[in-house]
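With mmCIF, C-alpha atoms and all ligand atoms inside, this is coords-v3.cif:
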data_start
#
loop_
_atom_site.label_atom_id
_atom_site.label_comp_id
_atom_site.auth_asym_id
_atom_site.auth_seq_id
_atom_site.Cartn_x
_atom_site.Cartn_y
_atom_site.Cartn_z
CA MET E 1 26.57 -9.99 35.59
CA ALA E 2 28.82 -8.05 33.23
CA GLU E 3 27.25 -9.69 30.13
CA GLU E 4 23.87 -8.24 31.01
CA LEU E 5 25.13 -4.67 30.93
CA ASP E 6 24.00 -2.57 28.01
CA LEU E 7 27.39 -1.21 26.98
CA GLY E 8 25.72 1.66 25.14
CA GLU E 9 24.39 2.88 28.50
CA CYS E 10 27.74 2.74 30.34
CA ASP E 11 30.26 5.55 30.69
CA VAL E 12 33.35 4.50 28.73
CA LEU E 13 36.76 5.18 30.22
CA VAL E 14 39.44 6.13 27.70
CA ILE E 15 43.00 5.57 28.90
CA ASP E 16 45.90 6.74 26.74
CA SER E 17 49.17 5.77 28.42
CA GLY E 18 52.47 6.98 27.03
CA ALA E 19 56.04 6.95 28.26
CA GLU E 20 55.64 10.23 30.07
CA TYR E 21 51.92 10.92 30.49
CA THR E 22 48.72 8.96 30.99
CA ARG E 23 45.56 10.72 29.92
CA VAL E 24 42.28 9.45 31.25
CA GLY E 25 38.69 10.55 30.89
CA PHE E 26 35.28 9.59 29.61
CA GLY E 27 34.11 8.85 26.08
CA GLY E 28 32.23 11.74 24.50
CA GLU E 29 34.18 14.36 26.48
CA ASP E 30 36.39 16.90 24.69
CA GLU E 31 39.37 16.59 27.01
CA PRO E 32 40.72 14.03 29.46
CA SER E 33 39.64 14.57 33.07
CA ILE E 34 43.12 13.81 34.33
CA GLU E 35 46.63 13.86 32.99
CA MET E 36 49.11 12.07 35.21
CA ARG E 37 52.74 11.09 34.86
CA THR E 38 53.19 7.44 33.87
CA VAL E 39 55.46 6.57 36.76
CA VAL E 40 55.15 4.24 39.72
CA ALA E 41 57.05 3.78 42.99
CA ARG E 42 56.53 0.66 45.09
CA ALA E 43 57.31 0.64 48.78
CA ASP E 44 58.18 -3.06 48.54
CA GLY E 45 59.90 -2.65 45.21
CA PRO E 46 63.33 -3.90 44.29
CA SER E 47 65.21 -1.00 45.87
CA ARG E 48 66.32 -2.26 49.29
CA ILE E 49 68.13 0.97 50.00
CA GLY E 50 64.90 2.73 49.25
CA ARG E 51 63.05 0.61 51.80
CA VAL E 52 65.63 1.32 54.43
CA GLN E 53 65.44 5.03 53.73
CA LEU E 54 61.68 4.92 53.81
CA ALA E 55 61.81 3.18 57.18
CA ALA E 56 64.26 5.78 58.41
CA ALA E 57 61.81 8.45 57.40
CA GLY E 58 59.33 6.83 59.76
CA GLU E 59 56.85 6.06 56.97
CA ALA E 60 57.37 2.35 56.56
CA ALA E 61 54.65 1.06 58.81
CA GLY E 62 51.85 2.71 56.93
CA GLU E 63 53.37 2.44 53.49
CA ARG E 64 54.91 -1.00 53.18
CA GLY E 65 53.39 -2.62 50.14
CA GLN E 66 51.90 0.67 49.08
CA VAL E 67 52.16 1.81 45.49
CA PHE E 68 52.54 5.43 44.50
CA VAL E 69 51.55 6.67 41.05
CA GLY E 70 52.20 9.87 39.14
CA GLU E 71 53.18 12.94 41.15
CA ALA E 72 52.97 10.90 44.36
CA ALA E 73 55.59 8.54 42.90
CA LEU E 74 57.81 11.41 41.77
CA ALA E 75 57.67 12.78 45.31
CA LYS E 76 59.41 9.55 46.40
CA ARG E 77 62.36 10.15 44.10
CA GLY E 78 65.57 9.29 45.90
CA VAL E 79 63.68 7.21 48.46
CA LEU E 80 62.05 4.58 46.27
CA GLU E 81 62.95 3.30 42.87
CA LEU E 82 60.83 4.89 40.17
CA VAL E 83 59.43 2.57 37.51
CA ARG E 84 58.31 3.93 34.14
CA PRO E 85 56.16 1.11 32.74
CA ILE E 86 56.20 2.26 29.10
CA SER E 87 59.16 3.07 26.92
CA ARG E 88 59.36 3.45 23.14
CA GLY E 89 55.75 2.35 22.82
CA LEU E 90 56.27 -0.93 24.69
CA VAL E 91 55.21 -1.96 28.16
CA ASN E 92 58.19 -3.13 30.17
CA ASP E 93 56.51 -3.52 33.56
CA TRP E 94 52.94 -4.82 33.41
CA ASP E 95 52.36 -4.70 37.19
CA ALA E 96 53.33 -1.05 37.20
CA LEU E 97 50.99 -0.33 34.29
CA GLU E 98 48.22 -2.10 36.18
CA ALA E 99 48.92 0.23 39.11
CA VAL E 100 48.56 3.20 36.76
CA TRP E 101 45.20 1.90 35.50
CA ARG E 102 44.03 1.34 39.08
CA GLU E 103 44.88 4.95 39.83
CA CYS E 104 42.98 6.00 36.67
CA PHE E 105 39.76 4.31 37.85
CA ALA E 106 40.16 5.79 41.33
CA ALA E 107 41.00 9.27 40.10
CA VAL E 108 37.81 9.59 38.04
CA GLY E 109 35.67 7.60 40.46
CA ALA E 110 34.75 4.88 37.94
CA ALA E 111 33.67 1.39 39.07
CA PRO E 112 35.71 -1.01 36.87
CA ALA E 113 33.02 -3.71 36.77
CA ARG E 114 30.60 -1.26 35.10
CA THR E 115 33.08 0.59 32.90
CA PRO E 116 34.07 -0.45 29.38
CA VAL E 117 37.65 0.63 28.73
CA LEU E 118 39.20 1.92 25.53
CA LEU E 119 42.99 1.60 25.72
CA THR E 120 45.53 2.94 23.24
CA GLU E 121 48.72 1.39 21.93
CA ALA E 122 51.63 2.41 19.72
CA PRO E 123 51.39 1.34 16.07
CA LEU E 124 52.50 -2.19 15.19
CA SER E 125 53.06 -3.28 18.75
CA PRO E 126 53.77 -7.02 19.09
CA ARG E 127 50.81 -9.41 19.06
CA ALA E 128 51.64 -10.73 22.52
CA HIS E 129 51.66 -7.19 23.81
CA ARG E 130 48.13 -6.41 22.55
CA GLU E 131 46.89 -9.65 24.03
CA GLU E 132 48.43 -8.86 27.40
CA LEU E 133 46.76 -5.43 27.40
CA VAL E 134 43.38 -7.12 27.00
CA ARG E 135 44.10 -9.96 29.43
CA ARG E 136 45.29 -7.62 32.19
CA CYS E 137 42.36 -5.31 31.77
CA PHE E 138 39.78 -8.12 32.02
CA ASP E 139 41.53 -10.24 34.66
CA ALA E 140 42.69 -7.52 37.03
CA PHE E 141 39.65 -5.23 36.81
CA ASN E 142 36.79 -7.42 35.67
CA VAL E 143 35.69 -4.73 33.22
CA PRO E 144 32.66 -5.53 30.99
CA ALA E 145 34.38 -4.70 27.68
CA VAL E 146 37.71 -3.60 26.18
CA TYR E 147 38.87 -2.03 22.94
CA VAL E 148 42.43 -1.27 21.89
CA GLY E 149 42.94 1.65 19.49
CA VAL E 150 46.12 2.50 17.63
CA GLN E 151 47.37 5.94 18.75
CA PRO E 152 48.03 7.57 15.33
CA VAL E 153 44.78 6.18 13.92
CA LEU E 154 42.92 7.77 16.82
CA ALA E 155 44.88 11.00 16.34
CA ALA E 156 43.89 11.13 12.66
CA PHE E 157 40.29 10.50 13.65
CA ALA E 158 40.36 13.36 16.18
CA SER E 159 41.65 15.65 13.44
CA GLY E 160 38.61 14.74 11.37
CA ARG E 161 40.34 12.30 9.01
CA THR E 162 40.39 8.59 8.37
CA THR E 163 43.08 8.97 5.69
CA ALA E 164 46.15 10.94 6.80
CA LEU E 165 49.87 10.87 7.33
CA VAL E 166 50.27 11.15 11.08
CA VAL E 167 53.56 12.44 12.49
CA GLU E 168 53.43 11.36 16.11
CA LEU E 169 56.24 12.82 18.19
CA GLY E 170 55.94 11.64 21.77
CA ALA E 171 58.27 11.51 24.74
CA SER E 172 60.21 8.37 23.93
CA SER E 173 59.05 7.32 20.49
CA SER E 174 58.23 8.94 17.17
CA HIS E 175 56.25 7.34 14.39
CA ILE E 176 55.43 8.48 10.89
CA VAL E 177 52.29 6.63 9.96
CA PRO E 178 50.33 6.63 6.70
CA ILE E 179 46.72 5.74 7.37
CA TRP E 180 44.10 4.78 4.84
CA GLU E 181 40.46 4.56 5.86
CA GLY E 182 41.43 3.99 9.47
CA PHE E 183 44.10 1.35 8.78
CA VAL E 184 47.82 1.78 9.24
CA ILE E 185 49.64 1.07 5.96
CA ALA E 186 52.16 -0.99 7.87
CA HIS E 187 54.85 -1.52 5.25
CA ALA E 188 55.15 2.22 4.63
CA MET E 189 55.32 3.30 8.27
CA ARG E 190 58.55 4.77 9.66
CA GLN E 191 59.97 4.97 13.15
CA LEU E 192 62.21 7.83 14.10
CA GLY E 193 64.65 7.31 16.96
CA VAL E 194 64.40 10.95 18.06
CA ALA E 195 61.58 12.01 20.39
CA GLY E 196 60.99 14.52 23.18
CA VAL E 197 63.37 12.99 25.71
CA HIS E 198 66.22 12.92 23.19
CA LEU E 199 65.70 16.60 22.40
CA THR E 200 65.82 17.35 26.12
CA GLU E 201 69.08 15.42 26.48
CA PHE E 202 70.50 17.16 23.43
CA LEU E 203 69.60 20.56 24.85
CA ALA E 204 71.33 19.59 28.09
CA ARG E 205 74.44 18.75 26.06
CA LEU E 206 74.28 22.03 24.14
CA LEU E 207 74.02 23.92 27.41
CA THR E 208 77.33 22.47 28.58
CA GLU E 209 78.87 24.87 26.01
CA LYS E 210 77.67 27.59 28.35
CA GLY E 211 79.12 25.89 31.40
CA LEU E 212 75.69 24.69 32.53
CA TYR E 213 75.57 21.05 33.61
CA PHE E 214 72.39 19.02 34.04
CA ASN E 215 72.93 15.39 34.93
CA THR E 216 70.42 14.01 37.44
CA PRO E 217 66.84 13.09 36.44
CA GLU E 218 65.62 16.08 38.42
CA GLN E 219 67.97 18.42 36.59
CA LEU E 220 66.87 16.96 33.26
CA GLU E 221 63.29 17.79 34.23
CA THR E 222 64.44 21.39 34.44
CA VAL E 223 65.99 21.14 30.97
CA GLY E 224 62.69 19.70 29.70
CA GLU E 225 60.94 22.78 31.09
CA ILE E 226 63.51 25.08 29.43
CA LYS E 227 62.90 23.25 26.16
CA ARG E 228 59.13 23.59 26.42
CA ARG E 229 59.37 27.31 27.15
CA LEU E 230 62.18 28.47 24.89
CA ALA E 231 63.00 26.00 22.12
CA TYR E 232 61.64 26.44 18.62
CA VAL E 233 62.16 25.12 15.13
CA ALA E 234 63.85 27.42 12.64
CA LEU E 235 62.27 27.73 9.21
CA ASP E 236 65.74 27.79 7.71
CA PRO E 237 68.55 26.89 10.13
CA ASP E 238 71.24 28.54 7.98
CA LEU E 239 69.38 31.84 8.06
CA GLU E 240 68.74 31.39 11.76
CA TRP E 241 72.46 31.22 12.37
CA LEU E 242 72.77 34.57 10.60
CA ARG E 243 69.97 36.00 12.72
CA PHE E 244 71.90 34.91 15.77
CA GLY E 245 74.90 36.85 14.53
CA ALA E 246 77.10 34.23 12.87
CA ARG E 247 79.78 36.06 10.92
CA HIS E 248 79.77 33.51 8.14
CA ALA E 249 76.99 31.51 6.58
CA PRO E 250 77.45 27.81 7.40
CA ALA E 251 79.65 25.81 5.05
CA PRO E 252 77.83 23.85 2.36
CA ASP E 253 77.48 20.09 2.75
CA ALA E 254 81.07 19.31 1.77
CA ALA E 255 81.71 16.14 3.71
CA GLY E 256 78.58 14.09 3.38
CA PRO E 257 75.09 14.25 4.82
CA GLY E 258 74.85 15.95 8.16
CA ALA E 259 78.38 17.35 8.05
CA ALA E 260 77.27 20.96 7.77
CA ALA E 261 74.72 20.54 10.50
CA ARG E 262 77.31 18.89 12.72
CA ALA E 263 79.70 21.75 12.07
CA ARG E 264 76.98 24.26 12.89
CA SER E 265 76.04 22.45 16.03
CA SER E 266 79.57 22.29 17.38
CA ARG E 267 80.56 25.82 16.46
CA PRO E 268 82.00 27.50 19.57
CA SER E 269 79.67 30.24 20.64
CA SER E 270 82.24 32.87 21.55
CA ALA E 271 84.97 32.44 18.93
CA ARG E 272 82.88 32.71 15.78
CA LEU E 273 79.63 34.16 16.88
CA ASP E 274 78.64 37.59 17.87
CA VAL E 275 75.35 36.56 19.32
CA SER E 276 72.33 38.73 18.81
CA ARG E 277 70.91 39.75 22.16
CA ALA E 278 67.47 40.20 20.65
CA LEU E 279 66.90 36.47 20.19
CA ALA E 280 68.42 35.45 23.50
CA ALA E 281 65.99 34.31 26.19
CA SER E 282 66.52 33.60 29.84
CA PHE E 283 65.20 30.98 32.22
CA GLU E 284 65.38 31.08 35.99
CA LEU E 285 66.93 27.89 37.33
CA PRO E 286 65.70 26.28 40.58
CA ASP E 287 68.72 27.68 42.46
CA GLY E 288 67.71 31.22 41.46
CA SER E 289 70.47 31.70 38.90
CA GLU E 290 69.68 32.49 35.30
CA ALA E 291 70.38 30.48 32.16
CA VAL E 292 70.54 32.60 29.01
CA LEU E 293 69.82 30.64 25.84
CA THR E 294 70.88 31.84 22.44
CA SER E 295 71.31 29.60 19.38
CA GLU E 296 70.55 26.50 21.51
CA ARG E 297 66.94 27.57 21.23
CA PHE E 298 66.71 26.33 17.66
CA ARG E 299 69.71 23.98 17.49
CA CYS E 300 68.02 21.56 19.88
CA ALA E 301 65.16 20.80 17.47
CA GLU E 302 67.50 20.35 14.51
CA ALA E 303 68.18 16.83 15.80
CA LEU E 304 64.70 15.89 14.58
CA PHE E 305 65.62 16.87 11.05
CA ASP E 306 69.21 15.62 11.26
CA PRO E 307 69.60 12.74 13.77
CA SER E 308 73.35 12.62 12.99
CA LEU E 309 73.58 15.50 15.48
CA LEU E 310 72.89 12.82 18.10
CA GLY E 311 75.26 10.37 16.43
CA ARG E 312 72.37 8.41 14.96
CA GLU E 313 72.62 6.89 11.54
CA GLU E 314 69.08 7.44 10.43
CA GLN E 315 67.12 9.80 8.27
CA GLY E 316 65.49 12.91 9.63
CA LEU E 317 61.84 13.80 9.93
CA ALA E 318 61.21 15.25 6.46
CA HIS E 319 62.99 12.29 4.82
CA CYS E 320 60.91 9.85 6.85
CA VAL E 321 57.66 11.56 5.92
CA ARG E 322 58.60 11.63 2.25
CA GLY E 323 59.71 7.98 2.40
CA ALA E 324 56.50 6.88 4.09
CA ILE E 325 54.39 8.64 1.47
CA ASP E 326 56.53 7.26 -1.37
CA ASP E 327 55.96 3.74 -0.05
CA ALA E 328 52.19 4.19 0.15
CA PRO E 329 50.03 3.20 -2.85
CA VAL E 330 50.54 5.66 -5.68
CA ASP E 331 46.93 6.82 -5.85
CA LEU E 332 47.02 7.78 -2.17
CA ARG E 333 50.17 9.88 -2.18
CA ARG E 334 48.58 13.15 -3.19
CA ASP E 335 45.98 12.80 -0.39
CA LEU E 336 48.66 12.03 2.18
CA PHE E 337 50.80 15.05 1.26
CA ALA E 338 47.72 17.22 1.81
CA ALA E 339 46.86 15.61 5.15
CA VAL E 340 50.02 15.55 7.30
CA VAL E 341 48.78 15.67 10.90
CA LEU E 342 51.03 16.57 13.84
CA SER E 343 50.39 14.61 17.02
CA GLY E 344 52.21 14.11 20.35
CA GLY E 345 53.68 16.58 22.84
CA ALA E 346 57.03 17.01 21.11
CA SER E 347 55.21 18.40 18.05
CA LEU E 348 54.24 21.41 20.19
CA MET E 349 57.62 22.95 19.43
CA ALA E 350 56.91 26.33 17.84
CA GLY E 351 57.59 26.47 14.12
CA LEU E 352 57.61 22.71 13.56
CA GLY E 353 54.64 22.64 11.18
CA ALA E 354 55.94 25.48 9.01
CA ARG E 355 59.42 23.92 8.75
CA LEU E 356 58.13 20.45 7.92
CA GLU E 357 55.78 21.89 5.33
CA ALA E 358 58.62 23.87 3.73
CA ASP E 359 61.00 20.89 3.70
CA LEU E 360 58.34 18.64 2.19
CA ALA E 361 57.27 21.18 -0.41
CA ASP E 362 60.88 21.42 -1.50
CA GLY E 363 61.03 18.47 -3.89
CA VAL E 364 57.43 17.39 -4.44
CA ALA E 365 56.11 17.22 -7.99
CA ALA E 366 54.53 20.37 -9.37
CA GLY E 367 50.86 20.63 -8.51
CA VAL E 368 51.06 18.46 -5.38
CA ARG E 369 49.76 20.39 -2.39
CA VAL E 370 51.61 19.89 0.89
CA LYS E 371 49.69 20.74 4.04
CA VAL E 372 50.78 20.12 7.60
CA HIS E 373 47.91 20.33 10.06
CA ALA E 374 48.76 21.42 13.59
CA THR E 375 46.19 21.53 16.38
CA GLU E 376 46.33 23.44 19.63
CA SER E 377 46.79 20.36 21.83
CA PRO E 378 48.48 17.65 19.74
CA GLN E 379 49.45 15.78 22.91
CA LEU E 380 45.75 15.07 23.48
CA LEU E 381 44.84 13.96 19.95
CA ALA E 382 45.11 10.19 20.50
CA TRP E 383 42.99 10.42 23.65
CA GLN E 384 40.45 12.67 21.94
CA GLY E 385 40.19 10.26 19.00
CA GLY E 386 39.46 7.44 21.45
CA ALA E 387 36.84 9.52 23.25
CA GLN E 388 35.11 10.38 19.95
CA LEU E 389 35.25 6.82 18.64
CA ALA E 390 33.81 5.37 21.83
CA SER E 391 30.78 7.62 21.61
CA LEU E 392 29.80 6.65 18.05
CA PRO E 393 26.64 4.52 17.95
CA ASP E 394 28.25 2.11 15.45
CA PHE E 395 31.18 1.57 17.77
CA GLN E 396 29.10 -0.47 20.22
CA ALA E 397 29.50 -3.52 17.97
CA MET E 398 33.27 -3.27 18.13
CA TRP E 399 33.80 -3.92 21.83
CA ILE E 400 35.41 -7.14 22.98
CA SER E 401 32.90 -8.16 25.62
CA ARG E 402 33.89 -10.05 28.72
CA ALA E 403 31.78 -12.99 27.53
CA GLU E 404 33.67 -13.10 24.23
CA TYR E 405 37.00 -12.88 26.02
CA GLU E 406 36.06 -15.78 28.26
CA VAL E 407 35.25 -17.94 25.26
CA THR E 408 37.99 -17.00 22.80
CA GLY E 409 40.74 -15.60 25.04
CA ALA E 410 42.74 -12.44 24.43
CA ALA E 411 43.71 -13.41 20.86
CA CYS E 412 40.36 -12.06 19.65
CA VAL E 413 41.92 -8.60 19.92
CA HIS E 414 43.67 -9.05 16.57
CA ALA E 415 40.45 -9.50 14.66
CA ARG E 416 38.33 -7.10 16.73
CA CYS E 417 40.79 -4.23 16.98
CA ALA E 418 42.54 -4.58 13.62
CA GLY E 419 44.56 -1.43 13.16
CA SER E 420 46.92 -2.22 10.35
CA HIS E 421 46.71 -2.97 6.70
CA LEU E 422 49.58 -5.38 6.04
N1 LIG A 501 55.84 23.07 24.22
C1 LIG A 501 56.62 22.00 24.01
N2 LIG A 501 57.72 22.10 23.23
C2 LIG A 501 58.52 21.04 23.03
N3 LIG A 501 58.31 19.82 23.56
C3 LIG A 501 57.22 19.67 24.34
C4 LIG A 501 56.32 20.72 24.60
N4 LIG A 501 55.34 20.24 25.42
C5 LIG A 501 55.62 18.94 25.64
N5 LIG A 501 56.75 18.59 25.00
C6 LIG A 501 57.41 17.28 25.03
O1 LIG A 501 56.50 16.29 24.63
C7 LIG A 501 56.88 15.04 25.23
C8 LIG A 501 55.66 14.37 25.79
O2 LIG A 501 54.81 14.08 24.71
P1 LIG A 501 53.56 13.10 24.89
O3 LIG A 501 52.76 13.56 26.03
O4 LIG A 501 52.92 13.00 23.55
O5 LIG A 501 54.34 11.77 25.24
P2 LIG A 501 53.79 10.37 25.75
O6 LIG A 501 52.52 10.05 25.04
O7 LIG A 501 53.78 10.33 27.23
O8 LIG A 501 54.98 9.43 25.26
P3 LIG A 501 55.11 8.35 24.07
O9 LIG A 501 54.08 8.73 23.03
O10 LIG A 501 56.52 8.51 23.58
O11 LIG A 501 54.86 7.02 24.70
C9 LIG A 501 57.92 15.37 26.30
O12 LIG A 501 59.20 15.01 25.84
C10 LIG A 501 57.82 16.88 26.43
O13 LIG A 501 59.07 17.48 26.77
MG MG A 502 51.99 9.14 23.17
#

What would the structure in this file look like if it were written as structure tokens?
Amino acid sequence: MAEELDLGECDVLVIDSGAEYTRVGFGGEDEPSIEMRTVVARADGPSRIGRVQLAAAGEAAGERGQVFVGEAALAKRGVLELVRPISRGLVNDWDALEAVWRECFAAVGAAPARTPVLLTEAPLSPRAHREELVRRCFDAFNVPAVYVGVQPVLAAFASGRTTALVVELGASSSHIVPIWEGFVIAHAMRQLGVAGVHLTEFLARLLTEKGLYFNTPEQLETVGEIKRRLAYVALDPDLEWLRFGARHAPAPDAAGPGAAARARSSRPSSARLDVSRALAASFELPDGSEAVLTSERFRCAEALFDPSLLGREEQGLAHCVRGAIDDAPVDLRRDLFAAVVLSGGASLMAGLGARLEADLADGVAAGVRVKVHATESPQLLAWQGGAQLASLPDFQAMWISRAEYEVTGAACVHARCAGSHL
């Protein structure tokens, strides 16, 4: 019987699922055992054309009803419809997410009935969503216990803090989250509509200026790879333009916020620039040809600081961080400025920490110390926080046990896994 298990004696499975990656491994470990793409392909899914193609490939007999997850799903691209169960921090296909979890258990060889599970979720996700996470986990896998941790809270914890301002830049969603003593200060939190996938799409658009066109999902994967290898954040974009050989410094902000940045972004590369070869970098495309990147290398990331480059009417990253700290209680603000923590894969962009720190320092009151903390693997922070939390002796009292779930239902998650301070 699950209730008779001593949870403190069980290996805890920590599953951090995001829009692009799912990280899974055991509590107490330093790193996840497995990192898989959060994508599913179903052989009996909605794509009829896909089924016909699959049959034509002679695979139908063995694979009808079969579900492919991660790389195995991506290998079915063009044959089966790919389902990405999470987008912008929300689950949009619960059956597909369940398939991802099933793959997680199988991949690490864990028996669900003897494995407490710590799941993660985006900050301030809807109540019904948290309940469904718990319900699915208990009902589909019969696990002995569940806990749901809030990603930026876990990230702060992994960085050694319970009070911090977490800048979480993921694949499809970005959150700027002030945290006090392990609680999200909900009213001060900000969402930013620019995340990794938007930077990839923006880079693809910038590359059209060079006559390079990337349209299909597969081609955009290539652009994502180019971004990861070659893109960086300039400390001062105006100076960076000069380094790249612009004949004139960019015009001052004459026509409203974002105008100068827009002008910079759309400046034709050949007419007004004599591009410095030294900063150019090349990337070999899958067809063997070469893409040479110049100013696109830093222009891509500028969309984080000025979303108007993407046509978005919202404030950029430094504004959001400042706004979130300004909305936090006054006696906390100094601590938050000194504890800005970068989390999420998109924060891996070289130079991001230094630029954010410089932009924030420009305008804070004298004597306020601004410190942006970057770790080597920010994409793992939420998972690592979960793995550390699960191994604390005091944490054992925080599990939602199966017995409790059976009595109270999934709604107990709100009291047990409270993550926000409203
Ligand atoms: N070196 C890098 N430079 C720039 N971007 C990077 C780098 N490495 C990864 N990324 C980007 O980070 C994103 C993935 O981040 P992460 O793994 O935190 O997302 P996720 O948790 O799956 O998604 P989400 O948190 O949005 O649900 C992708 O857009 C990827 O292109
Ligand atoms: Mg994430």

Margin query: Using all atoms listed in the file for the distances, tell me which of E:Cys300, E:Cys417, E:Val148, E:Ala366 is nearest to ligand LIG 501 (chain A).
Written below: E:Cys300

Next item on the list: Report as number ranges by chain which protein, DNA and RNA residues come within 7 Å of ligand LIG 501 (chain A), using only C-alpha atoms and all ligand atoms.
Entry: E: 17-22, 86-89, 169-174, 195-197, 200, 224, 227-229, 231, 344-350, 379

Where is the centre and how long are the edges: axis-aligned box on stretch 111-129 of chain E, 6 Å on each side, Å to one decimal, as AutoDock Vina command-line options:
--center_x 42.2 --center_y -3.9 --center_z 27.1 --size_x 35.2 --size_y 25.7 --size_z 35.9

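As for atom CA of E:Leu192 and atom CA of E:Ile179, they are spaced 17.0 Å apart.
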
Contacts of stretch 23-39 of chain E within 8 Å, all atoms listed in the file, excl. fewer than 5 positions in-chain, as a CSV table (one decimal) with C-alpha atoms, keeping the file's coordinate frame:
chain,number,residue,atom,x,y,z
E,11,ASP,CA,30.3,5.6,30.7
E,12,VAL,CA,33.4,4.5,28.7
E,13,LEU,CA,36.8,5.2,30.2
E,14,VAL,CA,39.4,6.1,27.7
E,15,ILE,CA,43.0,5.6,28.9
E,16,ASP,CA,45.9,6.7,26.7
E,17,SER,CA,49.2,5.8,28.4
E,18,GLY,CA,52.5,7.0,27.0
E,69,VAL,CA,51.6,6.7,41.0
E,70,GLY,CA,52.2,9.9,39.1
E,71,GLU,CA,53.2,12.9,41.2
E,73,ALA,CA,55.6,8.5,42.9
E,74,LEU,CA,57.8,11.4,41.8
E,82,LEU,CA,60.8,4.9,40.2
E,83,VAL,CA,59.4,2.6,37.5
E,84,ARG,CA,58.3,3.9,34.1
E,85,PRO,CA,56.2,1.1,32.7
E,86,ILE,CA,56.2,2.3,29.1
E,96,ALA,CA,53.3,-1.0,37.2
E,100,VAL,CA,48.6,3.2,36.8
E,104,CYS,CA,43.0,6.0,36.7
E,107,ALA,CA,41.0,9.3,40.1
E,108,VAL,CA,37.8,9.6,38.0
E,380,LEU,CA,45.8,15.1,23.5
E,383,TRP,CA,43.0,10.4,23.6
E,384,GLN,CA,40.4,12.7,21.9
E,386,GLY,CA,39.5,7.4,21.4
E,387,ALA,CA,36.8,9.5,23.2
E,388,GLN,CA,35.1,10.4,20.0
E,389,LEU,CA,35.2,6.8,18.6
E,390,ALA,CA,33.8,5.4,21.8
E,391,SER,CA,30.8,7.6,21.6

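With distances restricted to only C-alpha atoms, E:Gly160 is the closest residue to E:Glu181 from E:Pro286, E:Pro378, E:Gly8, E:Gly160.
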
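With only C-alpha atoms as the basis for measurement, E:Asp236 is the residue among E:Glu81, E:Asp236, E:Glu201, E:Glu131 that approaches E:Leu352 most closely.
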
Next item on the list: Tell me which protein, DNA and RNA residues are within 9 Å of E:Ala338, counting all atoms listed in the file, leaving out same-chain ones fewer than 6 positions away, and put them as a PyMOL selection string.
Entry: chain E and resi 164-165+368-373

Note to self: Just checking: using all atoms listed in the file, which residue out of E:Glu290, E:Asp238, E:Asp44, E:Asp327 ends up closest to E:Leu212?
What the structure shows: E:Glu290

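Using all atoms listed in the file for every distance, the candidate list E:Gln396, E:Lys76, E:Ala145, E:Gln219 yields E:Ala145 as the residue closest to E:Thr115.
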
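Among the candidates E:Asn92, E:Ser308, E:Gln66, E:Thr120, the one nearest to ligand MG 502 (chain A) when counting all atoms listed in the file is E:Thr120.
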
Repaired coordinates for stretch 144-154 of chain E (N, CA and C atoms) as a CSV table (one decimal), in the coordinates of the input:
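What ended up in part.csv:
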chain,number,residue,atom,x,y,z
E,144,PRO,N,33.6,-4.8,31.9
E,144,PRO,CA,32.7,-5.5,31.0
E,144,PRO,C,33.1,-5.6,29.5
E,145,ALA,N,34.0,-4.7,29.1
E,145,ALA,CA,34.4,-4.7,27.7
E,145,ALA,C,35.7,-3.9,27.5
E,146,VAL,N,36.4,-4.3,26.5
E,146,VAL,CA,37.7,-3.6,26.2
E,146,VAL,C,37.8,-3.4,24.7
E,147,TYR,N,38.5,-2.3,24.3
E,147,TYR,CA,38.9,-2.0,22.9
E,147,TYR,C,40.3,-1.4,23.0
E,148,VAL,N,41.1,-1.8,22.0
E,148,VAL,CA,42.4,-1.3,21.9
E,148,VAL,C,42.6,-0.5,20.6
E,149,GLY,N,42.8,0.8,20.7
E,149,GLY,CA,42.9,1.6,19.5
E,149,GLY,C,44.4,2.0,19.3
E,150,VAL,N,44.7,2.2,18.0
E,150,VAL,CA,46.1,2.5,17.6
E,150,VAL,C,46.3,4.0,17.7
E,151,GLN,N,47.3,4.5,18.4
E,151,GLN,CA,47.4,5.9,18.8
E,151,GLN,C,47.3,6.8,17.5
E,152,PRO,N,48.1,6.6,16.5
E,152,PRO,CA,48.0,7.6,15.3
E,152,PRO,C,46.7,7.5,14.6
E,153,VAL,N,46.1,6.3,14.6
E,153,VAL,CA,44.8,6.2,13.9
E,153,VAL,C,43.8,7.0,14.7
E,154,LEU,N,43.8,7.0,16.0
E,154,LEU,CA,42.9,7.8,16.8
E,154,LEU,C,43.2,9.3,16.6
